Amino acid sequence: MRLALLALTAALSASPALADDAALNRLIADYETWSLSQNPILAADQGDRAALSRLPDNSPPADAARLARLKDFQARLKATPAAELSEEGRINQEFLAWALERQAESLAFDEARMPFSSDGGFHWTMGYLASSTPMRSVADARAWIDRLNATPAYYATEIANARRGAKSGFTQPRATVEQVIALAKEQASAAVETDQLLGPIDRLPDSISASERAALRSEAMAVIRDKIRPAQAQFVTFLETEYLPKARKSLAARSLPGGERYYPWLVRQYTTTDLTPDQIHQNGLAEVARIRREMDAVIAETGFKGDFASFQTYLRTDPQFYATSREDLLEKASEIAKRIDDQLPGWFATLPRLTYGVRPVPAAIEKGYTTGRYFSGNPKLGVAGGYMVNTYDLPQRPLYELPALTLHEAVPGHHLQIALGQEAEGVPLFRREADVGAFTEGWGLYAEKLGSEMGIYRNAYERFGRLSYEMWRACRLVADTGIHWKGWSLDQARECFIKNSALSPLNIEVELARYVSWPGQALGYKTGEMKIVELREKARKALGGTFDIRRFHDAVLLDGPMPLSMLEERVDAWIAAEKGK
């Protein structure tokens, strides 16, 4: 994918008099309107109040209609003459072509047949919405109750999709299914009175009378008890009696029907590159060796006497490295976050207006959830971003990893990058809301490394924690391709993490379960970070003493997420512009 991203030099510029983006802009407007009609969650985030009461329709007829419409958009885009477009128009054309192809290929593989993973899926959707949906009026509450009423049909559609997967052999492995069954049982048996789906009703403002709030809560409880609980119980029964017996025996995505094509496509999808599984695997091995040398040097700096395994044991068992309570862990994460905030202006010329909070992972999902995550905020609806910290099982949450986690999930990682993208002016919605994991997660991992330059790591143990986190992402390249392409066992995949990182045993197992059930996704982090580091070094060498890290970060972030090839073009154009000043 090659295109010039900005009209920065005479050689790249088209005559303004010849530029005509009108046809492309009409296509983009039509595409965005259609996309929002297909995604009520995103539509609601954009202010469509009617969408607040709906859930997505992922049924086969709906997907067939989507595929037909995508092909229509592709034909219209192909008919748009590139020679007549402005440089910004060419960016939009190329990005839209990439997005349309990606969606069409996903539908062609019928990925809807596998609607859940070890830490995500349709059965988590309402819980996520319960924690992120603003609730300020009776109309908001009524829309939420409508969404609750729509949940059983949503479950029925996704169960039917999974049933189609079971019949065609496109299933999750048995271990993943057993994990999902355990969570599904907890959901189906939870006390209605304290269900997280009541959270939005409980957040109604005091300006609404107590009696009206009580009536709305009672109505929502009735829907959960009489409609959602039976749907959740049906999901459990389906998993136990129909799906589990047909769960695939192999861990490898390569063993799925069409897996020889499917996994390499996933690799391209999640890395936005043309790298093969074997090339990704070799990149991982090289990074593991490099990072291990740096880790050994930091161990020597601490003065510890003993081998790597002994140092791991020390880190995993000494009480000084662990919080004393859930509140203590959240407070420490918050303190780190504010120290990072204090340094941001020196490293970023443009900062987002949207703020973020430090929050615990909801108790209903914390047991099998990753160590931390970012929940996007919403500038339009007045919702702050959320840096989610898992406070479950404190002996598995070492403090020496907390600075790296905070840099990645909060700032200058996901919150800063995503919020800037949301606030980007002149960038179409379909680009601002694009899911480009190699860019987003690559930036998050780059932010961890940037923390060293920002002075966030206060001692050798925290620097080791940062390297352990980087090793985690390097081992992902090895483990994901090992499992899904080379046919590795879990023991083989686990070995890289155990021998080379200080990750807790619980974290390792949660992550391995995620890689097994979500093939390819874990490859974007290190691949994206390596590209950003490469481009920064390229810019530094090209610009010498005029290189400005603040402007470089603007060049990377201010046009929103994009495939790595487009990012390289963007930075090349920026370098040319800087030289011309």
# chains A, B, ... in the order shown; residues from 1 in each chain; ligands from 1
$ residues_around --residues "Pro134 of chain A" --least-positions-apart "5" --cutoff "8 Å" --atoms "only C-alpha atoms" --output "PDB file with N, CA, C and O atoms, in the first residue's frame"
ATOM      1  N   ASP A 140     -32.893   8.300  28.950  1.00  0.00           N
ATOM      2  CA  ASP A 140     -31.723   7.415  28.908  1.00  0.00           C
ATOM      3  C   ASP A 140     -32.054   6.072  29.559  1.00  0.00           C
ATOM      4  O   ASP A 140     -31.684   5.005  29.057  1.00  0.00           O
ATOM      5  N   PRO A 200     -26.395   1.240  35.132  1.00  0.00           N
ATOM      6  CA  PRO A 200     -26.861   2.506  34.542  1.00  0.00           C
ATOM      7  C   PRO A 200     -28.057   3.109  35.278  1.00  0.00           C
ATOM      8  O   PRO A 200     -28.126   4.327  35.465  1.00  0.00           O
ATOM      9  N   LEU A 381     -20.382  12.718  24.430  1.00  0.00           N
ATOM     10  CA  LEU A 381     -21.354  12.390  25.471  1.00  0.00           C
ATOM     11  C   LEU A 381     -20.859  12.722  26.878  1.00  0.00           C
ATOM     12  O   LEU A 381     -21.545  12.454  27.858  1.00  0.00           O
ATOM     13  N   GLY A 382     -19.664  13.287  26.960  1.00  0.00           N
ATOM     14  CA  GLY A 382     -19.156  13.683  28.274  1.00  0.00           C
ATOM     15  C   GLY A 382     -18.715  12.524  29.129  1.00  0.00           C
ATOM     16  O   GLY A 382     -18.896  12.541  30.349  1.00  0.00           O
ATOM     17  N   VAL A 383     -18.102  11.498  28.520  1.00  0.00           N
ATOM     18  CA  VAL A 383     -17.627  10.325  29.253  1.00  0.00           C
ATOM     19  C   VAL A 383     -16.106  10.288  29.205  1.00  0.00           C
ATOM     20  O   VAL A 383     -15.514  10.295  28.114  1.00  0.00           O
TER      21      VAL A 383
END
$ select_by_dssp --residues "segment 313-530 of chain A" --states "helix (DSSP H, G or I)" --output "PyMOL selection string"
chain A and resi 313-317+319-321+326-346+366-368+394-396+399-409+414-422+429-432+437-454+460-484+490-500+505-517+521-530
$ write_last_selection --atoms "C-alpha atoms" --output "short mmCIF file (atom, residue, chain, number, x, y, z; two decimals), in the first residue's frame"
data_model
loop_
_atom_site.label_atom_id
_atom_site.label_comp_id
_atom_site.auth_asym_id
_atom_site.auth_seq_id
_atom_site.Cartn_x
_atom_site.Cartn_y
_atom_site.Cartn_z
CA THR A 313 11.48 -16.03 42.42
CA TYR A 314 12.67 -13.04 44.43
CA LEU A 315 10.42 -10.67 42.47
CA ARG A 316 7.43 -12.98 42.75
CA THR A 317 7.70 -13.57 46.49
CA PRO A 319 6.24 -8.51 49.87
CA GLN A 320 7.84 -5.15 49.02
CA PHE A 321 6.74 -5.64 45.42
CA ARG A 326 -7.19 -3.25 46.28
CA GLU A 327 -7.38 0.40 47.24
CA ASP A 328 -3.60 0.53 47.67
CA LEU A 329 -3.09 -0.81 44.13
CA LEU A 330 -5.50 1.74 42.64
CA GLU A 331 -3.87 4.57 44.59
CA LYS A 332 -0.42 3.59 43.37
CA ALA A 333 -1.66 3.39 39.78
CA SER A 334 -3.24 6.84 40.18
CA GLU A 335 -0.02 8.34 41.57
CA ILE A 336 1.98 6.99 38.63
CA ALA A 337 -0.62 8.33 36.21
CA LYS A 338 -0.32 11.85 37.67
CA ARG A 339 3.47 11.74 37.53
CA ILE A 340 3.20 10.91 33.83
CA ASP A 341 0.65 13.70 33.28
CA ASP A 342 3.21 16.09 34.74
CA GLN A 343 5.74 15.20 32.02
CA LEU A 344 3.48 15.11 28.95
CA PRO A 345 3.88 18.72 27.71
CA GLY A 346 7.60 18.20 27.30
CA GLU A 366 -11.99 -9.64 36.98
CA LYS A 367 -11.09 -13.30 37.63
CA GLY A 368 -10.37 -14.20 34.02
CA LEU A 394 -3.02 -9.01 44.60
CA PRO A 395 -0.07 -11.45 44.86
CA GLN A 396 -0.31 -11.72 41.06
CA LEU A 399 4.13 -3.14 41.58
CA TYR A 400 7.31 -3.16 39.50
CA GLU A 401 5.11 -3.73 36.43
CA LEU A 402 2.64 -0.96 37.29
CA PRO A 403 4.50 1.98 35.66
CA ALA A 404 4.70 0.15 32.32
CA LEU A 405 1.03 -0.85 32.55
CA THR A 406 0.03 2.75 33.28
CA LEU A 407 2.12 4.17 30.45
CA HIS A 408 0.51 1.69 28.05
CA GLU A 409 -3.14 1.85 29.05
CA HIS A 414 -4.06 4.36 24.75
CA HIS A 415 -5.88 7.28 26.31
CA LEU A 416 -3.71 9.94 24.73
CA GLN A 417 -3.64 8.27 21.31
CA ILE A 418 -7.34 7.36 21.17
CA ALA A 419 -8.56 10.68 22.57
CA LEU A 420 -6.44 12.63 20.08
CA GLY A 421 -7.91 10.49 17.31
CA GLN A 422 -11.44 11.16 18.56
CA LEU A 429 -15.30 9.40 11.22
CA PHE A 430 -14.49 6.10 9.54
CA ARG A 431 -10.77 6.83 10.02
CA ARG A 432 -11.08 8.21 13.54
CA GLY A 437 -4.53 -2.83 16.36
CA ALA A 438 -0.97 -2.68 15.05
CA PHE A 439 -1.10 1.12 15.32
CA THR A 440 -3.03 1.39 18.59
CA GLU A 441 -1.27 -1.42 20.45
CA GLY A 442 2.06 -0.64 18.83
CA TRP A 443 1.72 2.90 20.17
CA GLY A 444 0.86 1.56 23.63
CA LEU A 445 4.04 -0.52 23.72
CA TYR A 446 6.07 2.40 22.34
CA ALA A 447 4.67 4.49 25.22
CA GLU A 448 6.13 2.00 27.71
CA LYS A 449 9.57 2.49 26.14
CA LEU A 450 9.12 6.26 26.01
CA GLY A 451 8.55 6.19 29.76
CA SER A 452 12.26 5.49 30.22
CA GLU A 453 13.16 8.79 28.53
CA MET A 454 10.43 10.59 30.47
CA ALA A 460 16.11 -0.86 38.47
CA TYR A 461 13.16 -3.05 39.48
CA GLU A 462 10.68 -0.88 37.62
CA ARG A 463 13.03 -0.79 34.61
CA PHE A 464 13.17 -4.58 34.79
CA GLY A 465 9.36 -4.60 34.93
CA ARG A 466 9.29 -2.54 31.75
CA LEU A 467 11.65 -4.98 30.03
CA SER A 468 9.57 -7.88 31.32
CA TYR A 469 6.52 -6.31 29.70
CA GLU A 470 8.43 -5.83 26.44
CA MET A 471 9.56 -9.45 26.65
CA TRP A 472 5.91 -10.41 27.14
CA ARG A 473 5.05 -8.84 23.76
CA ALA A 474 8.10 -10.37 22.07
CA CYS A 475 7.11 -13.80 23.40
CA ARG A 476 3.67 -13.22 21.92
CA LEU A 477 5.20 -13.21 18.44
CA VAL A 478 6.81 -16.55 19.23
CA ALA A 479 3.88 -18.12 21.09
CA ASP A 480 1.00 -17.04 18.83
CA THR A 481 2.71 -18.25 15.66
CA GLY A 482 4.00 -21.28 17.51
CA ILE A 483 0.52 -22.32 18.63
CA HIS A 484 -1.45 -21.44 15.54
CA LEU A 490 0.66 -24.84 25.63
CA ASP A 491 3.78 -26.04 27.44
CA GLN A 492 5.93 -25.03 24.46
CA ALA A 493 4.27 -21.62 24.26
CA ARG A 494 4.48 -21.11 28.02
CA GLU A 495 8.23 -21.71 28.05
CA CYS A 496 9.14 -18.35 26.52
CA PHE A 497 7.27 -16.42 29.23
CA ILE A 498 8.49 -18.54 32.13
CA LYS A 499 12.15 -18.49 31.13
CA ASN A 500 12.39 -14.87 30.05
CA PRO A 505 1.86 -17.31 36.79
CA LEU A 506 -1.78 -16.13 36.72
CA ASN A 507 -1.01 -13.45 34.15
CA ILE A 508 0.82 -15.96 31.96
CA GLU A 509 -2.11 -18.39 32.02
CA VAL A 510 -4.70 -15.68 31.32
CA GLU A 511 -2.62 -14.42 28.42
CA LEU A 512 -2.03 -17.88 26.95
CA ALA A 513 -5.77 -18.54 27.06
CA ARG A 514 -6.29 -15.27 25.22
CA TYR A 515 -3.79 -16.12 22.47
CA VAL A 516 -5.36 -19.53 21.95
CA SER A 517 -8.87 -18.14 21.62
CA GLN A 521 -4.45 -10.31 17.71
CA ALA A 522 -1.39 -10.43 19.97
CA LEU A 523 0.96 -9.96 17.00
CA GLY A 524 0.11 -6.29 16.46
CA TYR A 525 1.77 -4.94 19.63
CA LYS A 526 5.43 -5.68 18.97
CA THR A 527 5.10 -5.36 15.20
CA GLY A 528 3.61 -1.89 15.54
CA GLU A 529 6.07 -0.76 18.21
CA MET A 530 9.04 -1.90 16.14
#
$ residues_around --residues "Ser35 of chain A" --least-positions-apart "5" --cutoff "10 Å" --atoms "only C-alpha atoms" --output "JSON, numbers by chain"
{"A": [29, 30, 40, 42, 43, 66, 70, 430]}
$ closest_residue --among "A:Ser131, A:Glu101, A:Glu94, A:Val427" --to "Arg359 of chain A" --atoms "only C-alpha atoms"
A:Ser131
$ residues_around --residues "Lys227 of chain A" --least-positions-apart "4" --cutoff "9 Å" --atoms "only C-alpha atoms" --output "PyMOL selection string"
chain A and resi 148-149+151-152+222-223+231-232
$ write_last_selection --atoms "N, CA and C atoms" --output "PDB file, in the first residue's frame"
ATOM      1  N   LEU A 148     -32.013  -3.773  27.293  1.00  0.00           N
ATOM      2  CA  LEU A 148     -32.137  -5.001  28.085  1.00  0.00           C
ATOM      3  C   LEU A 148     -33.156  -5.939  27.445  1.00  0.00           C
ATOM      4  N   ASN A 149     -34.281  -5.376  27.003  1.00  0.00           N
ATOM      5  CA  ASN A 149     -35.310  -6.201  26.356  1.00  0.00           C
ATOM      6  C   ASN A 149     -34.818  -6.802  25.039  1.00  0.00           C
ATOM      7  N   THR A 151     -31.793  -7.873  24.542  1.00  0.00           N
ATOM      8  CA  THR A 151     -30.679  -8.781  24.805  1.00  0.00           C
ATOM      9  C   THR A 151     -30.999 -10.250  24.507  1.00  0.00           C
ATOM     10  N   PRO A 152     -32.164 -10.777  24.866  1.00  0.00           N
ATOM     11  CA  PRO A 152     -32.432 -12.197  24.545  1.00  0.00           C
ATOM     12  C   PRO A 152     -32.342 -12.510  23.055  1.00  0.00           C
ATOM     13  N   ALA A 222     -36.939  -6.803  36.512  1.00  0.00           N
ATOM     14  CA  ALA A 222     -37.881  -7.783  35.964  1.00  0.00           C
ATOM     15  C   ALA A 222     -37.402  -8.297  34.611  1.00  0.00           C
ATOM     16  N   VAL A 223     -36.847  -7.391  33.789  1.00  0.00           N
ATOM     17  CA  VAL A 223     -36.333  -7.822  32.485  1.00  0.00           C
ATOM     18  C   VAL A 223     -35.144  -8.765  32.661  1.00  0.00           C
ATOM     19  N   ALA A 231     -32.132 -16.410  28.883  1.00  0.00           N
ATOM     20  CA  ALA A 231     -31.242 -16.407  27.719  1.00  0.00           C
ATOM     21  C   ALA A 231     -29.839 -16.831  28.118  1.00  0.00           C
ATOM     22  N   GLN A 232     -29.383 -16.354  29.273  1.00  0.00           N
ATOM     23  CA  GLN A 232     -28.052 -16.745  29.747  1.00  0.00           C
ATOM     24  C   GLN A 232     -28.009 -18.233  30.088  1.00  0.00           C
TER      25      GLN A 232
END
